[in-house]
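Working notes for the structure below.
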Amino acid sequence: MKFLVAGAIAAAMLRPAAMAQQTPAPAAPAAAKFSLDTPIETLLADEKAKAVLDTDIPGLSSHPALDQFKAMSLKAVQPFSNGALTDEMLKKVETDLAAIK
């Protein structure tokens with residue numbers, strides 16, 4: 001009977017040791033704080049995001065019709081911009097917003 005108990009204890013002790021040696025999966029990268037889907041008013045409320053918009057899309061934050069589209073995202077506004085918001089501009093904004101920490 002003592003041998004059975006000793007064997008069970010030894011087996012139980014080996015399992016956690018083997019499991020402890022397994023390498024954990026790497027953590028997923030953190031999602032970007034802002035994106036092209038973020039409402040413009042949210043971007044303008046953040047100092048760093050507003051700086052990105054002021055640099056990449058000059059005049060957006062002072063646009064006379066801002067109140068009419070500030071609740072929309074840049075992606076949503078683009079089709080109504082008559083070509084003023086190009087794919088290249090939005091790609092630059094997207095890259096610069098992703099760099100905000």
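Order determines the names: the first chain of the structure tokens is A, the second B, and so forth; residues in each chain are numbered 1 upward, and ligands are numbered 1 upward as they are shown.
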
When you look at Val77 (chain A) with a cut-off of 12 Å (counting only C-alpha atoms), what residues show up, excluding the ones that are within fewer than 2 positions of it in the same chain? I need them as a count of residues only. 25
